[in-house]
Structure formats: C-alpha cells, structure tokens
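One structure is given here, and the rest of the page talks about it.
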Amino acid sequence: MSYSQVTNTPFIHEPDNLCASFGGNMSTRILDGFLLTEHEKHIYDVFEPTSQALALPVNDRVRKLEKYLATLDQVDVTVEHEFIDGLYKRTMRVPAGTVLTGAIHKVKHMDVMTKGSMIVVTENGTKEINAPFTMTTQTGVKKCGIAVSDVEWCTFHAAPYNTIEEMEAHIHSENDADLFIEGEVDDYAMLMNELNITDELVLRQTLTSENILNMPENEQHIYKDKSQINGQGLFTRKDIPNGAIICHARLNGDRTIAGRFANHSSTPNAVPLLQGDNIVYKALKSINSGSEITINYRDSISINPNILKV
C-alpha cells in the first residue's frame with residue numbers, strides 16, 4: 001500500500017472548532033477569521049471543506065490532498081504483516097503529527113486502533129477517534145487522517161493468498177475501476193454458492209468447445225477479447241442502443257461465441273431472452289463501441305436450467 005505523509009504541527013481539536021498552523025504560502029481562504037496559508041488550504045479542503053469542495057466526492061478530495069502531500073518530505077510509517085490460519089493482520093504505526101492518505105480498499109474488512117488518537121475524514125464529515133476503537137471499512141473507501149498522537153492501527157482480512165505482495169494487490173488499489181471488477185468476482189462467488197456449483201463443473205462447461213458457432217454474418221460486430229473481469233469476454237465493434245437485440249447466444253440448438261464468452265455481472269448491460277428455440281441478448285442500456293457485453297448468469301439459468309450440464 002502506498003501512503004503520502006507529512007509531519008507538521010497537528011490539529012488542535014477544540015469542542016466546536018478545528019485549528020491548525022502549518023506555514024507555507026498565503027492563500028485567499030479565511031476560516032474563523034484567520035487567513036489560511038496554501039498548506040492549510042490543502043488540509044482544510046479535505047478536513048473542513050467549503051461548499052465548493054464538498055461538490056467533489058470524498059475520494060476525489062483525498063486524491064487532491066494526496067497529490068500535494070507527495071511533493072513534501074515523507075514520514076517513515078512502519079507496517080508489519082502477519083499470517084495466522086487463513087487470516088492476514090496488517091499493523092501500521094503512525095507518528096504524531098502525520099497527515100496520511102491510503103489506497104482504495106477493494107474488500108470489506110475490520111479495523112482496530114489499539115493506540116493513540118486520530119482525526120479522520122468520513123462520508124459524514126470529520127471526526128476524532130480514540131483508542132481502543134473498532135470499525136468496519138467498506139469497499140471503495142480511500143482513508144485520510146491526521147495522527148494527533150502516536151497511533152497503532154491494525155486491519156484484519158481473510159487471506160486467500162500467503163504472500164504480502166498478493167494480499168496487498170487483493171485488498172488495495174489506486175483505481176476505482178478495480179472496485180467494479182472485485183464486486184463482480186464477489187457476486188460470481190455468491191452465485192456459485194447459491195446454486196451449489198463447483199469450480200470444476202464451471203471450468204468443464206467453459207472449456208467445452210463442441211457445437212460452438214461463429215457469429216452469423218449480420219452479427220460480426222460481436223467479438224471476443226481480453227476481459228478485465230475474467231479471462232476472455234464479449235465485446236462490440238459498434239454502438240448498441242438501449243433495448244436493441246445485440247446478437248444470438250444460442251442458435252439452432254448450438255452456442256455462439258456470445259453464449260460462450262459473455263462474462264457475469266451483478267449490474268449487466270444485457271439480458272438473455274428466449275426467441276422461439278433460440279436465445280438472444282438484449283441491451284439493457286446504451287452500449288458504446290469497444291465495450292464489454294455482460295449478463296447476469298442468474299438470468300441465463302432461469303431461461304435455460306440445463307446450461308451447466310455437460
């Protein structure tokens with residue numbers, strides 16, 4: 001995980017006020033009668049935002065601060081890693097006065113602050129938390145805080161991997177798009193559990209190459225390509241309007257490449273429909289050229305219960 005940190009005079013937290021003095025160039029923002037320096041303005045735009053700053057989502061405001069912090073001297077924040085019977089524990093020690101930001105969290109997990117006091121930014125505003133403190137971090141959160149005193153912070157994660165590098169890639173990201181991918185993986189796993197389907201059965205069905213048709217002449221805009229969701233996916237070379245029939249997934253009893261390579265999504269842009277004895281995909285929204293076409297496998301199973309029988 002990458003952080004941006006900078007040591008400065010920590011915030012002085014009073015009952016109804018939040019004050020800071022960091023030095024730097026003067027800005028034009030005034031708070032509680034004080035003209036803020038440029039440095040203070042960067043901090044306050046996240047921790048005490050104006051209505052203009054609030055127009056940006058929290059993650060975007062944190063990114064702006066992070067970009068600024070990266071230009072300053074960095075603080076040595078130590079991180080320890082432990083693997084315990086399928087559990088990954090990550091312990092971070094943050095010196096007092098450190099302003100820090102974190103990567104986006106791709107998986108839900110438990111946080112325990114075992115030492116210190118920290119001012120943190122949340123969707124509901126800024127608040128001070130004090131050890132001992134326990135919370136659950138949801139997916140999509142990009143953390144930002146100021147250590148009022150020395151802080152020890154632990155996070156706990158289920159550990160599908162046994163190396164630090166693999167776990168870091170599993171739980172953290174700098175890209176919001178990864179949240180979509182991770183969410184699809186989670187929903188796919190939930191679907192497998194709902195139907196009591198094994199990976200072996202799915203793999204056997206997926207690798208079956210018998211009776212797979214190329215796309216008909218009038219559906220050549222549909223093609224397979226590398227997918228960010230999983231392996232190969234289904235794509236379109238032209239724009240598809242909302243409500244249009246995209247292509248055949250099954251034709252005359254056989255699967256097309258559309259029926260073979262369409263990936264699962266919990267928020268698909270297409271739905272499978274019966275059309276006589278055939279199955280077609282219909283657009284649920286406008287789909288731009290170059291986009292991946294996704295379906296919810298639950299819909300496929302509902303109209304073709306034998307889909308996973310080989």
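Residue names in the structure tokens use chain letters A, B, ... in the order shown, residue numbers from 1 in each chain, and ligand numbers from 1 in the order shown.
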
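Residue neighbourhood of A:Lys127, excluding near-sequence residues (fewer than 4 positions): Phe47, Met118, Ile119, Val120, Val121 and Thr122 of chain A, at 9 Å, using only C-alpha atoms.
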
Okay, now the selection with C-alpha atoms, as a tab-separated table (two decimals), in the first residue's frame?
```tsv
chain	number	residue	atom	x	y	z
A	47	PHE	CA	-10.96	18.02	6.75
A	118	MET	CA	-6.63	10.37	15.08
A	119	ILE	CA	-8.79	12.85	13.18
A	120	VAL	CA	-10.34	11.06	10.20
A	121	VAL	CA	-12.41	12.02	7.17
A	122	THR	CA	-15.66	10.14	6.58
```

Against stretch 132-135 of chain A, which residues of stretch 63-116 of chain A fall within 6 Å? For each one I want the closest pair of atoms and the distance in Å (one decimal), counting only C-alpha atoms, rows by chain and increasing residue number, as JSON lines.
```
{"residue": "A:Asp111", "atom": "CA", "partner": "A:Met135", "partner_atom": "CA", "distance": 5.3}
{"residue": "A:Val112", "atom": "CA", "partner": "A:Thr134", "partner_atom": "CA", "distance": 4.5}
{"residue": "A:Met113", "atom": "CA", "partner": "A:Phe133", "partner_atom": "CA", "distance": 5.1}
{"residue": "A:Thr114", "atom": "CA", "partner": "A:Pro132", "partner_atom": "CA", "distance": 5.0}
```

* Choose the residue, out of A:Ser266, A:Gln138, A:Thr155, A:Ser117, that has the smallest atom-to-atom separation from A:Met92; count only C-alpha atoms. => A:Thr155

* **Who sits within 9 Å of A:Pro268, only C-alpha atoms, same chain under 5 positions skipped, as number ranges by chain** => A: 284, 293-296

* Structure fact -> Residue with the minimum atom-to-atom distance to A:Asp60, picked from A:Ile104, A:Met215, A:Ala158, A:Leu251 with only C-alpha atoms counted, is A:Ile104

* Contacts of A:Arg260 within 8 Å, only C-alpha atoms, excl. fewer than 4 positions in-chain, as number ranges by chain -> A: 206, 212, 249, 255-256

* To do: Considering only C-alpha atoms, return as a ChimeraX atom specification whatever protein or nucleic-acid residues lie within 7 Å of A:Phe261, sequence-local ones (same chain, fewer than 4 positions apart) excluded.
  => /A:224,232-234,257

N, CA and C atoms of the current selection, written as an mmCIF file, in the first residue's frame:
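Dumped to again-v1.cif:
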```
data_model
loop_
_atom_site.group_PDB
_atom_site.id
_atom_site.type_symbol
_atom_site.label_atom_id
_atom_site.label_comp_id
_atom_site.auth_asym_id
_atom_site.auth_seq_id
_atom_site.Cartn_x
_atom_site.Cartn_y
_atom_site.Cartn_z
ATOM 1 N N LYS A 224 -14.739 -11.629 -29.354
ATOM 2 C CA LYS A 224 -14.180 -11.930 -28.038
ATOM 3 C C LYS A 224 -12.825 -11.244 -27.913
ATOM 4 N N GLN A 232 -11.344 -14.150 -21.083
ATOM 5 C CA GLN A 232 -11.888 -13.597 -22.312
ATOM 6 C C GLN A 232 -13.314 -13.106 -22.063
ATOM 7 N N GLY A 233 -13.701 -12.064 -22.785
ATOM 8 C CA GLY A 233 -15.048 -11.533 -22.660
ATOM 9 C C GLY A 233 -15.646 -11.243 -24.019
ATOM 10 N N LEU A 234 -16.868 -10.750 -24.024
ATOM 11 C CA LEU A 234 -17.607 -10.477 -25.245
ATOM 12 C C LEU A 234 -17.675 -8.960 -25.457
ATOM 13 N N ILE A 257 -20.279 -17.812 -30.007
ATOM 14 C CA ILE A 257 -19.221 -17.321 -29.117
ATOM 15 C C ILE A 257 -19.796 -16.381 -28.071
#
```
